[in-house]
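Taking it in order: structure first as structure tokens, then the write-up.
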Amino acid sequence: MKKCFMAIIALFYAFISANLLFASPDTWTRKADFGGTARYGVAGFSIGGKGYIGTGVGSGVTKDFWEYDPAADTWTAKADFGGTKRTASTGFAIGGKGYIGTGYTETAPYFRQDFWEYDPDTDGWTEKTAFGGLGRYYARGFSIGSKGYIGTGYDSAYSNTKSFWEYDSALNAWTQKANFTGTGRSAAVAFSIGNKGYLGTGFTGSWCQKDFWEYDPDLDTWTQKANVGDQPRRYAVGFSIGSKGYIGTGETDDGDFLKDFWEYNPVSNAWLRRADLGGAERMESFGLSIGNKGYIGTGNTVEGQIGDFWEYEPAITKNDFNSDDKIDILWRNSSTGKNMVWYMDGAVRTSYDYLLSIKDLNWKIAGTGDFNADGKTDILLRNTSTGKNLVWYMDGDVRTSYAYLLSVTDQAWTIVGTGDFNSDGKIDILWRNTSTGRNMVWYMDGVTRTSYAYPITVTDQAWTIVGTGDFNNDGKIDILWRNTSTGRNQVWYMDGVTRTSYVYLPAVTDLAWKIAGTGDFDNDGKIDILWRNTSTGRNMVWYMDGVTKTSHVYLQTVTDQAWTIVGK
């Protein structure tokens, strides 16, 4: 509900959100190697917090099948795939069942159509209705709701096809859908986000591709989207996490293996390069997501087949209300109770929306974060009268629902920040006691506190926590402090809740200048610091390289102090 501000809007222009840009570190962590032999051309899916991977080419064509438990970081051998040994098949999950079909075998018919269902509860395979199109390998598939989809691939007519089929798990039946609109191809990448499917890259028989297409199952139509990355590729891998898609690795036309990794935002229809895969360059690997983590493993490298396995923790824009990967500004009016978000493009306000008002001024917006792991920014509130704590689940500027957390009636405990302190991909809550100086982190699973831990106590109440961020780029959340008596500023380098060391930043002795928050304001991958002057209304960003201020810029003055930036 956008409205014209007229005169009052001149009071608020273009300064940046007081929040950490990336709550998660955009990092890869090596996990336990794949349980079977090193190989390429595997297939699989994820179900109920576990990953399932098998088939492919190891010392020969295989049919063994393995379960990965990310909580224990262990592999367990499961019942062999129900069909013939094969490679280059495709799989997806629907509900609590997994499906694998098509592929290439060592015995005729080499181009396979058979299709199998896996039940993790019984550890058993059941053959289902054969794939509706010609037998093929290096096809790609995904699922949307109760339907699965398989298309493209190199088929038994010896062509890179564009045919595309839908599987109804309830009817155990296949229906041909609109052909893939791009050039026929094999060895592409496919995944789904919400109620849309996506397919791109691959090999047309002459050249690798980097085009990318969206499939709408309701309309049965394909729409071309932004090209993937900076070069064409085949044999890449991909998956989706929340509202974003990811593609990486592969082989170029020149035969070079890749390890680059790209994130797709369907809202902005744009790709961002993320951290390269931690392992070697490779092709014909396998990728999948489990919860809010991604995984890539196995494949072919210049030194041969490989069996390593890597976990990806995505970067999350903490105050990105319109899902364009840019910081937005969350405001609360301490006089009227109105709440507002400014949609930002760097230092430029592109538009704005009002959120629900909260006329009870005892409710303070205490933080933000993706508490329900849907890829969208939620809002954390604390009642300074009753001690109740509440999360608004948001879809942009719309509150879809809410949930209460544990109450904390001792009002000396204040929420001073949010972030993933134990690197489990979930938003935690940082507290400070304004009476005793104790500090505490609640480790969270959504809105459930699973445990808590105390960092070092700081009894001097002149020292206040004013921001969080990874200042030394080690993938861990650090804590920014300001002394409201001396004007000194300090960063604690943290390993979880353990302070490993600390360093001072330049002091700002004019105490009217308050640190309003932190974030990567110039998109250089480094945490910057936002300042606000509570006397003049001036606003300023320090551009930082770690704890070194490289430059600064003033933003437009905001004189009305009733409007405050909230949601650290």
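Naming scheme: A, B, ... for chains in displayed order of the structure tokens; residues 1 onward per chain; ligands 1 onward as shown.
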Handout entry: Within 6 Å of Ala512 (chain A) using only C-alpha atoms, minus same-chain residues under 2 positions, as a ChimeraX atom specification
Key = /A:510,533-535
Handout entry: Spatial neighbours of region 377-383 of chain A, 6 Å, only C-alpha atoms, chain gap at least 4 places, as an NGL selection string
Key = :A and (319 or 321 or 362-370 or 387-394)
Practice task
Write out as a ChimeraX atom specification all residues of region 379-556 of chain A that DSSP puts in strand (DSSP E) for this structure's backbone.
Solution key: /A:379-383,389-395,398-404,413-419,428-433,439-445,448-453,463-469,478-483,489-495,498-505,513-519,528-533,539-545,548-555
Fill in the blank from the handout: Taken to one decimal, the CA of Ala43 (chain A)-CA of Lys85 (chain A) distance is 11.9 Å
Completion exercise
Here CA of Leu258 (chain A) and CA of Thr55 (chain A) stand apart by 23.0 Å
Handout entry: Atom pair CA of Asp345 (chain A) / CA of Trp213 (chain A): separation (Å)
Key =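 Distance reported for this atom pair: 26.1 Å.
Proximity ranking of A:Val447, A:Ala188, A:Ile479, A:Ala130 relative to Glu166 (chain A) places A:Ala130 first, based on only C-alpha atoms.
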Handout entry: Proximity to Trp75 (chain A) - best of A:Phe111, A:Phe131, A:Phe309, A:Tyr554, only C-alpha atoms
Key =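 Under the stated criterion, the closest residue is A:Phe309.
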Problem - Proximity to Gly200 (chain A) - best of A:Leu219, A:Val228, A:Leu361, A:Leu505, only C-alpha atoms - result: A:Val228
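Proximity of A:Asp324, A:Glu281, A:Asp478, A:Asp73 to Gln305 (chain A), computed with only C-alpha atoms, is greatest for A:Glu281.
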Practice task
Tell me which protein, DNA and RNA residues are within 8 Å of Ala453 (chain A), counting only C-alpha atoms, leaving out same-chain ones fewer than 5 positions away, and put them as number ranges by chain.
Solution key: A: 440-443, 497
Could you save the residues just selected, with all heavy atoms, as an mmCIF file, in the first residue's frame?
```
data_model
loop_
_atom_site.group_PDB
_atom_site.id
_atom_site.type_symbol
_atom_site.label_atom_id
_atom_site.label_comp_id
_atom_site.auth_asym_id
_atom_site.auth_seq_id
_atom_site.Cartn_x
_atom_site.Cartn_y
_atom_site.Cartn_z
ATOM 1 N N MET A 440 24.289 -12.974 26.726
ATOM 2 C CA MET A 440 23.766 -14.322 26.538
ATOM 3 C C MET A 440 23.313 -14.495 25.090
ATOM 4 O O MET A 440 22.790 -13.571 24.474
ATOM 5 C CB MET A 440 22.585 -14.556 27.489
ATOM 6 C CG MET A 440 21.920 -15.926 27.361
ATOM 7 S SD MET A 440 20.695 -16.241 28.675
ATOM 8 C CE MET A 440 19.548 -14.874 28.447
ATOM 9 N N VAL A 441 23.551 -15.677 24.561
ATOM 10 C CA VAL A 441 23.034 -16.052 23.240
ATOM 11 C C VAL A 441 22.032 -17.174 23.400
ATOM 12 O O VAL A 441 22.319 -18.191 24.060
ATOM 13 C CB VAL A 441 24.169 -16.490 22.296
ATOM 14 C CG1 VAL A 441 23.593 -17.111 21.018
ATOM 15 C CG2 VAL A 441 25.058 -15.313 21.932
ATOM 16 N N TRP A 442 20.848 -16.971 22.858
ATOM 17 C CA TRP A 442 19.878 -18.051 22.739
ATOM 18 C C TRP A 442 20.118 -18.750 21.410
ATOM 19 O O TRP A 442 20.005 -18.133 20.343
ATOM 20 C CB TRP A 442 18.446 -17.500 22.733
ATOM 21 C CG TRP A 442 17.879 -17.188 24.070
ATOM 22 C CD1 TRP A 442 18.523 -17.142 25.271
ATOM 23 C CD2 TRP A 442 16.509 -16.863 24.341
ATOM 24 N NE1 TRP A 442 17.657 -16.800 26.276
ATOM 25 C CE2 TRP A 442 16.406 -16.622 25.733
ATOM 26 C CE3 TRP A 442 15.378 -16.738 23.555
ATOM 27 C CZ2 TRP A 442 15.205 -16.265 26.338
ATOM 28 C CZ3 TRP A 442 14.171 -16.381 24.153
ATOM 29 C CH2 TRP A 442 14.089 -16.162 25.527
ATOM 30 N N TYR A 443 20.442 -20.035 21.451
ATOM 31 C CA TYR A 443 20.507 -20.831 20.232
ATOM 32 C C TYR A 443 19.088 -21.255 19.887
ATOM 33 O O TYR A 443 18.378 -21.840 20.714
ATOM 34 C CB TYR A 443 21.399 -22.050 20.422
ATOM 35 C CG TYR A 443 22.852 -21.709 20.680
ATOM 36 C CD1 TYR A 443 23.544 -22.264 21.749
ATOM 37 C CD2 TYR A 443 23.528 -20.833 19.841
ATOM 38 C CE1 TYR A 443 24.877 -21.953 21.975
ATOM 39 C CE2 TYR A 443 24.855 -20.516 20.066
ATOM 40 C CZ TYR A 443 25.521 -21.074 21.133
ATOM 41 O OH TYR A 443 26.843 -20.765 21.355
ATOM 42 N N VAL A 497 30.396 -18.255 20.902
ATOM 43 C CA VAL A 497 30.278 -17.310 22.018
ATOM 44 C C VAL A 497 31.617 -17.080 22.711
ATOM 45 O O VAL A 497 31.683 -16.456 23.765
ATOM 46 C CB VAL A 497 29.230 -17.791 23.048
ATOM 47 C CG1 VAL A 497 27.842 -17.806 22.419
ATOM 48 C CG2 VAL A 497 29.595 -19.159 23.611
#
```
Problem - Shell of 10 Å around Thr486 (chain A), only C-alpha atoms, local chain residues under 3 positions omitted, as a list in words - result: Ala462, Trp463, Arg482, Asn483, Asn489, Ala507, Val508, Thr509, Asp510 and Leu511 of chain A
Exercise for the section: Show which residues sit within 9 Å of Asp397 (chain A), as a list in words. Count only C-alpha atoms, and ignore same-chain residues fewer than 6 positions away. Expected result: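 The contact residues come out as Phe321, Asn322, Met340, Val341, Asp353, Tyr354, Leu355 and Leu356 of chain A.
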Would you write out those residues with N, CA and C atoms, as a CSV table (one decimal), in the first residue's frame?
```csv
chain,number,residue,atom,x,y,z
A,321,PHE,N,13.5,-7.1,2.5
A,321,PHE,CA,12.0,-7.4,2.6
A,321,PHE,C,11.4,-7.7,1.2
A,322,ASN,N,12.0,-7.2,0.1
A,322,ASN,CA,11.5,-7.5,-1.2
A,322,ASN,C,12.3,-8.4,-2.0
A,340,MET,N,7.3,1.0,9.1
A,340,MET,CA,7.5,1.3,7.6
A,340,MET,C,8.8,0.6,7.1
A,341,VAL,N,8.8,0.2,5.9
A,341,VAL,CA,10.0,-0.3,5.3
A,341,VAL,C,10.3,0.5,4.0
A,353,ASP,N,6.7,0.9,1.9
A,353,ASP,CA,5.4,0.3,2.3
A,353,ASP,C,5.3,0.5,3.8
A,354,TYR,N,4.0,0.6,4.2
A,354,TYR,CA,3.7,0.6,5.6
A,354,TYR,C,3.5,-0.9,6.0
A,355,LEU,N,3.9,-1.2,7.2
A,355,LEU,CA,3.6,-2.5,7.8
A,355,LEU,C,2.5,-2.3,8.8
A,356,LEU,N,2.0,-3.3,9.4
A,356,LEU,CA,1.0,-3.2,10.5
A,356,LEU,C,1.5,-2.2,11.6
```
Handout entry: Residues within 10 Å of region 417-424 of chain A, only C-alpha atoms, excluding chain neighbours under 5 positions, as number ranges by chain
Key = A: 19-20, 22-25, 71, 292-293, 313, 318, 366-370, 380, 429-432, 441-445, 465-469, 475-479, 494-497, 517, 567-568
Problem - Selection: 6 Å around Leu288 (chain A), only C-alpha atoms, excl. self and same-chain fewer than 5 positions, as a list in words - result: Phe239, Gly294 and Tyr295 of chain A
